[in-house]
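The data block below is structure.pdb; it holds PDB, C-alpha atoms and all ligand atoms.
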```pdb
ATOM      1  CA  MET L   2       0.000   0.000   0.000  1.00  0.00           C
ATOM      2  CA  LYS L   3       1.288   3.491  -0.871  1.00  0.00           C
ATOM      3  CA  ARG L   4       2.279   5.720   2.023  1.00  0.00           C
ATOM      4  CA  GLY L   5      -0.488   8.278   1.312  1.00  0.00           C
ATOM      5  CA  ALA L   6      -3.271   5.661   1.212  1.00  0.00           C
ATOM      6  CA  LYS L   7      -1.882   3.989   4.305  1.00  0.00           C
ATOM      7  CA  ALA L   8      -1.699   7.329   6.138  1.00  0.00           C
ATOM      8  CA  GLU L   9      -5.343   7.947   5.283  1.00  0.00           C
ATOM      9  CA  LYS L  10      -6.379   4.600   6.792  1.00  0.00           C
ATOM     10  CA  ILE L  11      -4.247   5.139   9.886  1.00  0.00           C
ATOM     11  CA  LEU L  12      -5.695   8.623  10.441  1.00  0.00           C
ATOM     12  CA  ALA L  13      -9.245   7.344  10.068  1.00  0.00           C
ATOM     13  CA  ILE L  14      -8.625   4.711  12.761  1.00  0.00           C
ATOM     14  CA  LEU L  15      -6.877   7.202  15.049  1.00  0.00           C
ATOM     15  CA  GLU L  16      -9.738   9.660  14.589  1.00  0.00           C
ATOM     16  CA  GLU L  17     -12.298   7.016  15.495  1.00  0.00           C
ATOM     17  CA  THR L  18     -10.273   5.963  18.536  1.00  0.00           C
ATOM     18  CA  TYR L  19      -9.241   9.349  19.936  1.00  0.00           C
ATOM     19  CA  GLN L  20     -11.833  11.785  18.584  1.00  0.00           C
ATOM     20  CA  GLY L  21     -12.334  14.678  20.978  1.00  0.00           C
ATOM     21  CA  SER L  22      -9.029  14.127  22.782  1.00  0.00           C
ATOM     22  CA  GLU L  23      -7.457  17.506  23.349  1.00  0.00           C
ATOM     23  CA  SER L  24      -4.464  18.921  25.131  1.00  0.00           C
ATOM     24  CA  ALA L  25      -4.431  17.718  28.739  1.00  0.00           C
ATOM     25  CA  LEU L  26      -2.871  21.041  29.808  1.00  0.00           C
ATOM     26  CA  ARG L  27      -5.175  23.592  31.422  1.00  0.00           C
ATOM     27  CA  PHE L  28      -4.893  27.248  30.488  1.00  0.00           C
ATOM     28  CA  GLY L  29      -7.088  30.314  30.165  1.00  0.00           C
ATOM     29  CA  SER L  30      -5.243  32.300  27.486  1.00  0.00           C
ATOM     30  CA  VAL L  31      -2.603  31.910  24.794  1.00  0.00           C
ATOM     31  CA  PHE L  32      -0.010  33.316  27.195  1.00  0.00           C
ATOM     32  CA  GLN L  33      -0.921  30.741  29.856  1.00  0.00           C
ATOM     33  CA  LEU L  34      -0.751  28.012  27.195  1.00  0.00           C
ATOM     34  CA  MET L  35       2.796  29.160  26.376  1.00  0.00           C
ATOM     35  CA  VAL L  36       3.814  29.004  30.051  1.00  0.00           C
ATOM     36  CA  ALA L  37       2.190  25.563  30.469  1.00  0.00           C
ATOM     37  CA  VAL L  38       3.952  24.161  27.398  1.00  0.00           C
ATOM     38  CA  ILE L  39       7.323  25.519  28.556  1.00  0.00           C
ATOM     39  CA  LEU L  40       6.728  23.917  31.978  1.00  0.00           C
ATOM     40  CA  SER L  41       5.744  20.594  30.390  1.00  0.00           C
ATOM     41  CA  ALA L  42       9.245  19.746  29.097  1.00  0.00           C
ATOM     42  CA  GLN L  43      10.286  16.595  30.981  1.00  0.00           C
ATOM     43  CA  THR L  44       7.242  16.989  33.272  1.00  0.00           C
ATOM     44  CA  ASN L  45       3.878  15.279  32.851  1.00  0.00           C
ATOM     45  CA  ASP L  46       0.751  17.304  32.116  1.00  0.00           C
ATOM     46  CA  GLN L  47      -0.926  16.471  35.444  1.00  0.00           C
ATOM     47  CA  GLN L  48       2.033  17.876  37.368  1.00  0.00           C
ATOM     48  CA  VAL L  49       2.023  21.017  35.190  1.00  0.00           C
ATOM     49  CA  ASN L  50      -1.721  21.431  35.854  1.00  0.00           C
ATOM     50  CA  ARG L  51      -1.113  21.175  39.614  1.00  0.00           C
ATOM     51  CA  ILE L  52       1.551  23.901  39.380  1.00  0.00           C
ATOM     52  CA  THR L  53      -0.448  26.249  37.145  1.00  0.00           C
ATOM     53  CA  ALA L  54      -3.612  25.849  39.271  1.00  0.00           C
ATOM     54  CA  GLU L  55      -1.681  27.700  42.009  1.00  0.00           C
ATOM     55  CA  LEU L  56       0.396  29.900  39.734  1.00  0.00           C
ATOM     56  CA  PHE L  57      -2.085  31.430  37.277  1.00  0.00           C
ATOM     57  CA  PRO L  58      -4.479  32.944  39.837  1.00  0.00           C
ATOM     58  CA  ARG L  59      -1.469  34.879  41.214  1.00  0.00           C
ATOM     59  CA  TYR L  60       0.371  35.632  37.966  1.00  0.00           C
ATOM     60  CA  GLY L  61      -1.927  35.266  34.990  1.00  0.00           C
ATOM     61  CA  GLU L  62      -0.447  37.312  32.156  1.00  0.00           C
ATOM     62  CA  ALA L  63       2.822  38.510  30.644  1.00  0.00           C
ATOM     63  CA  ALA L  64       2.968  41.805  32.612  1.00  0.00           C
ATOM     64  CA  ALA L  65       2.862  39.977  35.956  1.00  0.00           C
ATOM     65  CA  PHE L  66       5.577  37.469  34.962  1.00  0.00           C
ATOM     66  CA  ALA L  67       7.738  40.209  33.416  1.00  0.00           C
ATOM     67  CA  ALA L  68       7.897  41.953  36.805  1.00  0.00           C
ATOM     68  CA  LEU L  69       9.218  38.829  38.588  1.00  0.00           C
ATOM     69  CA  GLU L  70      12.810  37.824  39.259  1.00  0.00           C
ATOM     70  CA  PRO L  71      13.776  34.164  38.750  1.00  0.00           C
ATOM     71  CA  GLN L  72      14.239  33.688  42.532  1.00  0.00           C
ATOM     72  CA  GLN L  73      10.574  34.608  43.027  1.00  0.00           C
ATOM     73  CA  LEU L  74       9.263  32.221  40.352  1.00  0.00           C
ATOM     74  CA  GLU L  75      11.541  29.243  41.056  1.00  0.00           C
ATOM     75  CA  PRO L  76       9.877  28.116  44.324  1.00  0.00           C
ATOM     76  CA  LEU L  77       6.456  28.193  42.645  1.00  0.00           C
ATOM     77  CA  ILE L  78       7.497  25.783  39.887  1.00  0.00           C
ATOM     78  CA  SER L  79      10.193  23.786  41.691  1.00  0.00           C
ATOM     79  CA  SER L  80       8.214  20.522  41.519  1.00  0.00           C
ATOM     80  CA  CYS L  81       8.865  20.302  37.769  1.00  0.00           C
ATOM     81  CA  GLY L  82      12.118  19.303  36.115  1.00  0.00           C
ATOM     82  CA  LEU L  83      14.585  21.961  34.922  1.00  0.00           C
ATOM     83  CA  TYR L  84      12.694  24.587  36.940  1.00  0.00           C
ATOM     84  CA  ARG L  85      15.588  27.055  37.146  1.00  0.00           C
ATOM     85  CA  SER L  86      15.998  27.389  33.399  1.00  0.00           C
ATOM     86  CA  LYS L  87      12.214  27.346  32.917  1.00  0.00           C
ATOM     87  CA  ALA L  88      11.820  30.241  35.412  1.00  0.00           C
ATOM     88  CA  LYS L  89      14.532  32.207  33.597  1.00  0.00           C
ATOM     89  CA  ASN L  90      12.973  31.553  30.172  1.00  0.00           C
ATOM     90  CA  ILE L  91       9.380  32.319  31.204  1.00  0.00           C
ATOM     91  CA  ILE L  92      10.406  35.675  32.693  1.00  0.00           C
ATOM     92  CA  ALA L  93      12.636  36.579  29.720  1.00  0.00           C
ATOM     93  CA  ALA L  94       9.879  35.594  27.252  1.00  0.00           C
ATOM     94  CA  SER L  95       7.341  37.657  29.216  1.00  0.00           C
ATOM     95  CA  ARG L  96       9.623  40.701  29.147  1.00  0.00           C
ATOM     96  CA  LEU L  97      10.122  40.357  25.400  1.00  0.00           C
ATOM     97  CA  ILE L  98       6.363  39.980  24.883  1.00  0.00           C
ATOM     98  CA  MET L  99       5.847  43.215  26.848  1.00  0.00           C
ATOM     99  CA  GLU L 100       8.653  45.112  25.091  1.00  0.00           C
ATOM    100  CA  LYS L 101       8.262  43.917  21.498  1.00  0.00           C
ATOM    101  CA  PHE L 102       4.763  42.505  21.087  1.00  0.00           C
ATOM    102  CA  GLY L 103       2.534  44.858  23.081  1.00  0.00           C
ATOM    103  CA  GLY L 104       1.861  42.315  25.824  1.00  0.00           C
ATOM    104  CA  GLU L 105       0.391  39.683  23.439  1.00  0.00           C
ATOM    105  CA  VAL L 106       1.943  36.383  22.414  1.00  0.00           C
ATOM    106  CA  PRO L 107       2.849  36.742  18.721  1.00  0.00           C
ATOM    107  CA  SER L 108       1.044  34.539  16.207  1.00  0.00           C
ATOM    108  CA  THR L 109       3.757  33.749  13.666  1.00  0.00           C
ATOM    109  CA  LYS L 110       6.272  30.944  13.958  1.00  0.00           C
ATOM    110  CA  GLU L 111       9.194  33.268  13.205  1.00  0.00           C
ATOM    111  CA  GLU L 112       8.237  35.628  16.042  1.00  0.00           C
ATOM    112  CA  LEU L 113       7.421  32.813  18.461  1.00  0.00           C
ATOM    113  CA  LEU L 114      10.860  31.302  17.914  1.00  0.00           C
ATOM    114  CA  THR L 115      12.477  34.557  19.119  1.00  0.00           C
ATOM    115  CA  LEU L 116      10.980  33.988  22.603  1.00  0.00           C
ATOM    116  CA  PRO L 117      13.334  32.343  25.125  1.00  0.00           C
ATOM    117  CA  GLY L 118      12.219  28.795  25.932  1.00  0.00           C
ATOM    118  CA  VAL L 119      10.072  28.523  22.793  1.00  0.00           C
ATOM    119  CA  GLY L 120      11.406  25.937  20.334  1.00  0.00           C
ATOM    120  CA  THR L 121       9.790  24.473  17.249  1.00  0.00           C
ATOM    121  CA  LYS L 122       7.473  22.099  19.143  1.00  0.00           C
ATOM    122  CA  THR L 123       6.260  24.764  21.570  1.00  0.00           C
ATOM    123  CA  ALA L 124       5.748  27.262  18.737  1.00  0.00           C
ATOM    124  CA  ASN L 125       3.667  24.717  16.802  1.00  0.00           C
ATOM    125  CA  VAL L 126       1.503  23.930  19.851  1.00  0.00           C
ATOM    126  CA  ILE L 127       0.878  27.662  20.417  1.00  0.00           C
ATOM    127  CA  LEU L 128      -0.049  28.143  16.746  1.00  0.00           C
ATOM    128  CA  ALA L 129      -2.349  25.115  16.555  1.00  0.00           C
ATOM    129  CA  VAL L 130      -3.946  25.069  20.001  1.00  0.00           C
ATOM    130  CA  GLY L 131      -3.709  28.759  20.888  1.00  0.00           C
ATOM    131  CA  PHE L 132      -4.451  30.399  17.552  1.00  0.00           C
ATOM    132  CA  GLY L 133      -6.095  27.634  15.509  1.00  0.00           C
ATOM    133  CA  ILE L 134      -3.415  28.051  12.810  1.00  0.00           C
ATOM    134  CA  PRO L 135      -2.478  24.757  11.080  1.00  0.00           C
ATOM    135  CA  ALA L 136       0.730  23.381  12.599  1.00  0.00           C
ATOM    136  CA  LEU L 137       1.868  19.909  13.559  1.00  0.00           C
ATOM    137  CA  ALA L 138       3.886  19.812  16.766  1.00  0.00           C
ATOM    138  CA  VAL L 139       6.190  16.821  17.094  1.00  0.00           C
ATOM    139  CA  ASP L 140       7.016  15.701  20.620  1.00  0.00           C
ATOM    140  CA  THR L 141       8.626  12.454  21.694  1.00  0.00           C
ATOM    141  CA  HIS L 142       5.341  10.467  21.337  1.00  0.00           C
ATOM    142  CA  VAL L 143       4.512  11.832  17.878  1.00  0.00           C
ATOM    143  CA  HIS L 144       8.087  11.182  16.700  1.00  0.00           C
ATOM    144  CA  ARG L 145       8.139   7.591  18.006  1.00  0.00           C
ATOM    145  CA  VAL L 146       4.634   6.585  16.870  1.00  0.00           C
ATOM    146  CA  ALA L 147       4.956   8.158  13.401  1.00  0.00           C
ATOM    147  CA  ASN L 148       8.217   6.303  12.783  1.00  0.00           C
ATOM    148  CA  ARG L 149       6.916   2.980  14.084  1.00  0.00           C
ATOM    149  CA  LEU L 150       3.873   3.269  11.832  1.00  0.00           C
ATOM    150  CA  GLY L 151       6.049   4.085   8.821  1.00  0.00           C
ATOM    151  CA  LEU L 152       4.483   7.525   8.398  1.00  0.00           C
ATOM    152  CA  ALA L 153       7.999   8.922   8.728  1.00  0.00           C
ATOM    153  CA  ASP L 154      11.472   7.505   8.409  1.00  0.00           C
ATOM    154  CA  SER L 155      13.371  10.154  10.281  1.00  0.00           C
ATOM    155  CA  LYS L 156      15.980  10.800  12.908  1.00  0.00           C
ATOM    156  CA  THR L 157      14.851  14.200  14.216  1.00  0.00           C
ATOM    157  CA  PRO L 158      11.500  15.745  15.207  1.00  0.00           C
ATOM    158  CA  GLU L 159      12.007  18.367  12.481  1.00  0.00           C
ATOM    159  CA  GLN L 160      12.272  15.646   9.823  1.00  0.00           C
ATOM    160  CA  THR L 161       9.194  13.935  11.270  1.00  0.00           C
ATOM    161  CA  GLU L 162       7.285  17.221  11.107  1.00  0.00           C
ATOM    162  CA  ALA L 163       8.258  17.610   7.445  1.00  0.00           C
ATOM    163  CA  ALA L 164       7.194  14.018   6.642  1.00  0.00           C
ATOM    164  CA  LEU L 165       3.858  14.275   8.448  1.00  0.00           C
ATOM    165  CA  THR L 166       2.911  17.678   7.047  1.00  0.00           C
ATOM    166  CA  ALA L 167       3.624  16.339   3.543  1.00  0.00           C
ATOM    167  CA  LEU L 168       1.361  13.317   4.137  1.00  0.00           C
ATOM    168  CA  ILE L 169      -1.510  14.712   6.211  1.00  0.00           C
ATOM    169  CA  PRO L 170      -3.987  17.320   4.942  1.00  0.00           C
ATOM    170  CA  LYS L 171      -3.477  20.720   6.590  1.00  0.00           C
ATOM    171  CA  GLU L 172      -6.878  20.802   8.236  1.00  0.00           C
ATOM    172  CA  LYS L 173      -6.006  17.627  10.150  1.00  0.00           C
ATOM    173  CA  TRP L 174      -2.560  18.653  11.456  1.00  0.00           C
ATOM    174  CA  ALA L 175      -3.695  19.854  14.881  1.00  0.00           C
ATOM    175  CA  ASP L 176      -5.942  16.820  15.448  1.00  0.00           C
ATOM    176  CA  ALA L 177      -3.327  14.361  14.156  1.00  0.00           C
ATOM    177  CA  HIS L 178      -0.873  15.782  16.710  1.00  0.00           C
ATOM    178  CA  HIS L 179      -3.308  15.011  19.556  1.00  0.00           C
ATOM    179  CA  TRP L 180      -4.240  11.558  18.203  1.00  0.00           C
ATOM    180  CA  LEU L 181      -0.610  10.475  17.833  1.00  0.00           C
ATOM    181  CA  ILE L 182       0.203  11.727  21.346  1.00  0.00           C
ATOM    182  CA  TRP L 183      -2.726   9.836  22.884  1.00  0.00           C
ATOM    183  CA  HIS L 184      -1.780   6.694  20.954  1.00  0.00           C
ATOM    184  CA  GLY L 185       1.774   6.982  22.316  1.00  0.00           C
ATOM    185  CA  ARG L 186       0.526   7.486  25.860  1.00  0.00           C
ATOM    186  CA  ARG L 187      -2.149   4.802  25.926  1.00  0.00           C
ATOM    187  CA  VAL L 188      -1.019   2.036  23.549  1.00  0.00           C
ATOM    188  CA  CYS L 189       2.253   2.527  21.676  1.00  0.00           C
ATOM    189  CA  PHE L 190       4.449   2.940  24.750  1.00  0.00           C
ATOM    190  CA  ALA L 191       8.164   3.641  24.334  1.00  0.00           C
ATOM    191  CA  ARG L 192       8.914   0.308  26.014  1.00  0.00           C
ATOM    192  CA  ASN L 193       6.625  -2.674  25.539  1.00  0.00           C
ATOM    193  CA  PRO L 194       4.038  -1.212  23.161  1.00  0.00           C
ATOM    194  CA  ASN L 195       0.673  -2.953  23.460  1.00  0.00           C
ATOM    195  CA  CYS L 196       0.648  -4.250  19.875  1.00  0.00           C
ATOM    196  CA  ALA L 197      -1.845  -7.013  20.672  1.00  0.00           C
ATOM    197  CA  GLY L 198      -4.400  -4.398  21.738  1.00  0.00           C
ATOM    198  CA  CYS L 199      -3.527  -1.827  19.066  1.00  0.00           C
ATOM    199  CA  PRO L 200      -6.207  -0.954  16.504  1.00  0.00           C
ATOM    200  CA  LEU L 201      -3.432  -0.178  14.003  1.00  0.00           C
ATOM    201  CA  ASN L 202      -1.531  -3.452  14.230  1.00  0.00           C
ATOM    202  CA  ALA L 203      -2.629  -4.749  10.799  1.00  0.00           C
ATOM    203  CA  LEU L 204      -1.129  -1.607   9.222  1.00  0.00           C
ATOM    204  CA  CYS L 205       2.007  -1.291  11.360  1.00  0.00           C
ATOM    205  CA  PRO L 206       5.402  -2.527  10.111  1.00  0.00           C
ATOM    206  CA  SER L 207       6.797  -2.377  13.665  1.00  0.00           C
ATOM    207  CA  ARG L 208       4.160  -4.474  15.387  1.00  0.00           C
ATOM    208  CA  VAL L 209       5.402  -7.046  17.823  1.00  0.00           C
ATOM    209  CA  ILE L 210       3.707 -10.359  17.086  1.00  0.00           C
ATOM    210  CA  VAL L 211       2.523 -11.964  20.286  1.00  0.00           C
ATOM    211  CA  LYS L 212       2.629 -15.738  19.999  1.00  0.00           C
ATOM    212  CA  GLY L 213      -0.451 -17.460  21.428  1.00  0.00           C
TER     213      GLY L 213
HETATM  214  S1  LIG L 301       1.209  -2.147  16.355  1.00  0.00           S
HETATM  215 FE1  LIG L 301       2.574  -1.806  18.130  1.00  0.00          FE
HETATM  216  S2  LIG L 301       4.314  -0.601  17.349  1.00  0.00           S
HETATM  217 FE2  LIG L 301       2.615  -0.439  15.853  1.00  0.00          FE
HETATM  218  S3  LIG L 301       1.490   1.421  16.440  1.00  0.00           S
HETATM  219 FE3  LIG L 301       0.476  -0.296  17.431  1.00  0.00          FE
HETATM  220  S4  LIG L 301       1.428  -0.428  19.457  1.00  0.00           S
HETATM  221 FE4  LIG L 301       2.773   0.853  18.180  1.00  0.00          FE
END
```
Turn this file's structure into structure tokens for me.
Amino acid sequence: MKRGAKAEKILAILEETYQGSESALRFGSVFQLMVAVILSAQTNDQQVNRITAELFPRYGEAAAFAALEPQQLEPLISSCGLYRSKAKNIIAASRLIMEKFGGEVPSTKEELLTLPGVGTKTANVILAVGFGIPALAVDTHVHRVANRLGLADSKTPEQTEAALTALIPKEKWADAHHWLIWHGRRVCFARNPNCAGCPLNALCPSRVIVKG
């Protein structure tokens, strides 16, 4: 089967399985989404939600974060990994948003990538989830699952993004990102994927055959 036709079948099954699954991160604005995504590196979404449930009522927008010093923010986010560099980046990004972008998170990839702590994946999540602009963010789950399924044959998340955006229609990019993440979290685990219970196993070149 050609890659395009196979991708179509895989997407249809993923859609049926994970329809309605959205970002597990909680946020009330694009700025808060940016902070939550920065905090989520090497930290699970539930832990980020616990932190932001306390944080956002006190410091909700860029102006409030821009006025902080890292020593003030660090204790509030210290239960997530890499909290020192995250505190530094969130404050620096907030200051830049205040100085250069009138207090609003910018809505182009080029501008987003100028913000400290915002890499390609974070920028794509902000575009797709925050602004509804087609973008396909590739995190560790999307990268692993796409390669196992043969939708990509790539070494880096950037190459996976290029492969997936070439295969998947633009209007499905944001949803496909969520579906692939949920499939990686619930079925196609990094270690011991549940191939026997996977709805994609007939289409997957990486499936582990379980002998009965
Ligand atoms: S068959 Fe196995 S390796 Fe392939 S997508 Fe499903 S769980 Fe992942």
Where is the centre and how long are the edges: axis-aligned box on ligand LIG 301 (chain L), 5 Å on each side, Å to one decimal, as JSON:
```
{"center_x": 2.4, "center_y": -0.4, "center_z": 17.7, "size_x": 13.8, "size_y": 13.6, "size_z": 13.6}
```
Legend entry - Cut-off 9 Å, only C-alpha atoms and all ligand atoms, neighbours of ligand LIG 301 (chain L) as a list in words: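 Written in the requested form, the residues are Arg145, Val146, Ala147, Arg149, Leu150, His184, Gly185, Val188, Cys189, Phe190, Ala191, Asn193, Pro194, Asn195, Cys196, Ala197, Gly198, Cys199, Pro200, Leu201, Asn202, Ala203, Leu204, Cys205, Pro206, Ser207, Arg208, Val209 and Ile210 of chain L.
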Inset, instruction - Pick out the closest residue to Gln72 of chain L from this set: L:Trp180, L:Phe32, L:Trp174, L:Tyr84. Count only C-alpha atoms. - result: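 Once distances to Gln72 of chain L are computed over only C-alpha atoms, the minimum belongs to L:Tyr84.
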Inset, instruction - State, in Å with one decimal place, the distance from atom CA of Val106 of chain L to atom CA of Asp46 of chain L. - result: 21.4 Å
Inset, instruction - Using the chain letters and residue numbers of this document, give as a list in words the residues selected by the PyMOL selection byres (((chain L and resi 127-132) around 7) and not hetatm). - result: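 That selection, the PyMOL selection byres (((chain L and resi 127-132) around 7) and not hetatm), comes back as Val31, Leu34, Met35, Ser108, Thr123, Ala124, Asn125, Val126, Gly133, Ile134, Pro135, Ala136 and Ala175 of chain L.
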Inset, instruction - Please identify all polymer residues within 12 Å of Ala13 of chain L, counting only C-alpha atoms, omitting same-chain residues fewer than 4 positions from it, and present them as a PyMOL selection string. - result: chain L and resi 6-9+17-20+169+173+176-177+180+200-201
Legend entry - Pick from L:Arg186, L:His178, L:Gln160, L:Val119, whichever lies nearest to Val38 of chain L using all atoms listed in the file: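 Nearest candidate to Val38 of chain L out of L:Arg186, L:His178, L:Gln160, L:Val119: L:Val119.
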Legend entry - Nearest to His179 of chain L by atom-to-atom distance, counting all atoms listed in the file, from L:Val143, L:Pro117, L:Leu152, L:Ala163: L:Val143
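The residues returned by the PyMOL selection byres (((chain L and resi 157) around 12) and not hetatm) on the shown structure are Thr121, Lys122, Val139, Asp140, Thr141, Val143, His144, Arg145, Ala147, Asn148, Ala153, Asp154, Ser155, Lys156, Pro158, Glu159, Gln160, Thr161, Glu162, Ala163 and Ala164 of chain L.
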Residues within 7 Å of Ser95 of chain L, all atoms listed in the file, excluding chain neighbours under 5 positions, as a short mmCIF file (atom, residue, chain, number, x, y, z; two decimals) with C-alpha atoms, in the coordinates of the input:
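The result, written out as around.cif:
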```cif
data_model
loop_
_atom_site.label_atom_id
_atom_site.label_comp_id
_atom_site.auth_asym_id
_atom_site.auth_seq_id
_atom_site.Cartn_x
_atom_site.Cartn_y
_atom_site.Cartn_z
CA ALA L 63 2.82 38.51 30.64
CA ALA L 64 2.97 41.80 32.61
CA PHE L 66 5.58 37.47 34.96
CA ALA L 67 7.74 40.21 33.42
#
```
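Here the PyMOL selection byres (((chain L and resi 50-52) around 8) and not hetatm) matches the residues Leu26, Arg27, Ala37, Asp46, Gln47, Gln48, Val49, Thr53, Ala54, Glu55, Leu56, Leu77, Ile78 and Ser80 of chain L.
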Inset, instruction - Work out how far apart atom CA of Lys87 of chain L and atom CA of Leu181 of chain L are and give it in Å to one decimal. - result: 26.0 Å
Inset, instruction - Considering all atoms listed in the file, state which residue in the set L:Lys101, L:Gly118, L:Arg59, L:His142 is at the smallest distance from Trp183 of chain L. - result: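 Nearest to Trp183 of chain L: L:His142.
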Legend entry - Point-to-point distance in Å for atom CA of Leu137 of chain L and atom CA of Leu83 of chain L: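 One can read the atom CA of Leu83 of chain L to atom CA of Leu137 of chain L distance as 24.9 Å.
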Inset, instruction - May I ask which of the residues L:Lys3, L:Gln43, L:Ser79, L:Phe57 is the closest one to Gly29 of chain L, counting only C-alpha atoms? - result: L:Phe57
Legend entry - Which of L:Arg4, L:Glu70, L:Lys89, L:Glu62 sits closest to Gly104 of chain L [using all atoms listed in the file]: L:Glu62
Inset, instruction - Might you pull out every residue within 10 Å of Leu116 of chain L, with all atoms listed in the file counted and same-chain residues fewer than 5 positions away left off, and present them as a PyMOL selection string? - result: chain L and resi 90-91+93-98+106-107+111+124
Pull segment 165-185 of chain L out of the block and emit N, CA and C atoms, as a compact mmCIF listing (two decimals), in the first residue's frame.
```txt
# COMPACT_ATOMS: atom_id res chain seq x y z
N LEU L 165 5.29 14.33 8.12
CA LEU L 165 3.86 14.28 8.45
C LEU L 165 3.08 15.39 7.75
N THR L 166 3.66 16.58 7.68
CA THR L 166 2.91 17.68 7.05
C THR L 166 2.81 17.47 5.53
N ALA L 167 3.73 16.66 4.97
CA ALA L 167 3.62 16.34 3.54
C ALA L 167 2.53 15.29 3.30
N LEU L 168 2.31 14.44 4.30
CA LEU L 168 1.36 13.32 4.14
C LEU L 168 -0.07 13.66 4.54
N ILE L 169 -0.20 14.50 5.58
CA ILE L 169 -1.51 14.71 6.21
C ILE L 169 -2.10 16.04 5.73
N PRO L 170 -3.39 16.05 5.37
CA PRO L 170 -3.99 17.32 4.94
C PRO L 170 -3.92 18.36 6.06
N LYS L 171 -3.69 19.62 5.65
CA LYS L 171 -3.48 20.72 6.59
C LYS L 171 -4.55 20.83 7.67
N GLU L 172 -5.79 20.61 7.27
CA GLU L 172 -6.88 20.80 8.24
C GLU L 172 -6.87 19.74 9.33
N LYS L 173 -6.05 18.69 9.14
CA LYS L 173 -6.01 17.63 10.15
C LYS L 173 -4.73 17.68 11.00
N TRP L 174 -3.85 18.64 10.75
CA TRP L 174 -2.56 18.65 11.46
C TRP L 174 -2.73 18.72 12.97
N ALA L 175 -3.56 19.66 13.43
CA ALA L 175 -3.70 19.85 14.88
C ALA L 175 -4.29 18.61 15.53
N ASP L 176 -5.32 18.03 14.89
CA ASP L 176 -5.94 16.82 15.45
C ASP L 176 -4.97 15.64 15.41
N ALA L 177 -4.26 15.49 14.29
CA ALA L 177 -3.33 14.36 14.16
C ALA L 177 -2.27 14.42 15.26
N HIS L 178 -1.82 15.61 15.61
CA HIS L 178 -0.87 15.78 16.71
C HIS L 178 -1.44 15.18 18.00
N HIS L 179 -2.69 15.53 18.33
CA HIS L 179 -3.31 15.01 19.56
C HIS L 179 -3.51 13.50 19.48
N TRP L 180 -3.98 13.00 18.33
CA TRP L 180 -4.24 11.56 18.20
C TRP L 180 -2.95 10.75 18.38
N LEU L 181 -1.88 11.22 17.74
CA LEU L 181 -0.61 10.48 17.83
C LEU L 181 -0.06 10.52 19.27
N ILE L 182 -0.24 11.64 19.94
CA ILE L 182 0.20 11.73 21.35
C ILE L 182 -0.58 10.74 22.21
N TRP L 183 -1.92 10.74 22.06
CA TRP L 183 -2.73 9.84 22.88
C TRP L 183 -2.39 8.39 22.57
N HIS L 184 -2.13 8.08 21.29
CA HIS L 184 -1.78 6.69 20.95
C HIS L 184 -0.45 6.30 21.62
N GLY L 185 0.49 7.24 21.66
CA GLY L 185 1.77 6.98 22.32
C GLY L 185 1.63 6.83 23.82
```
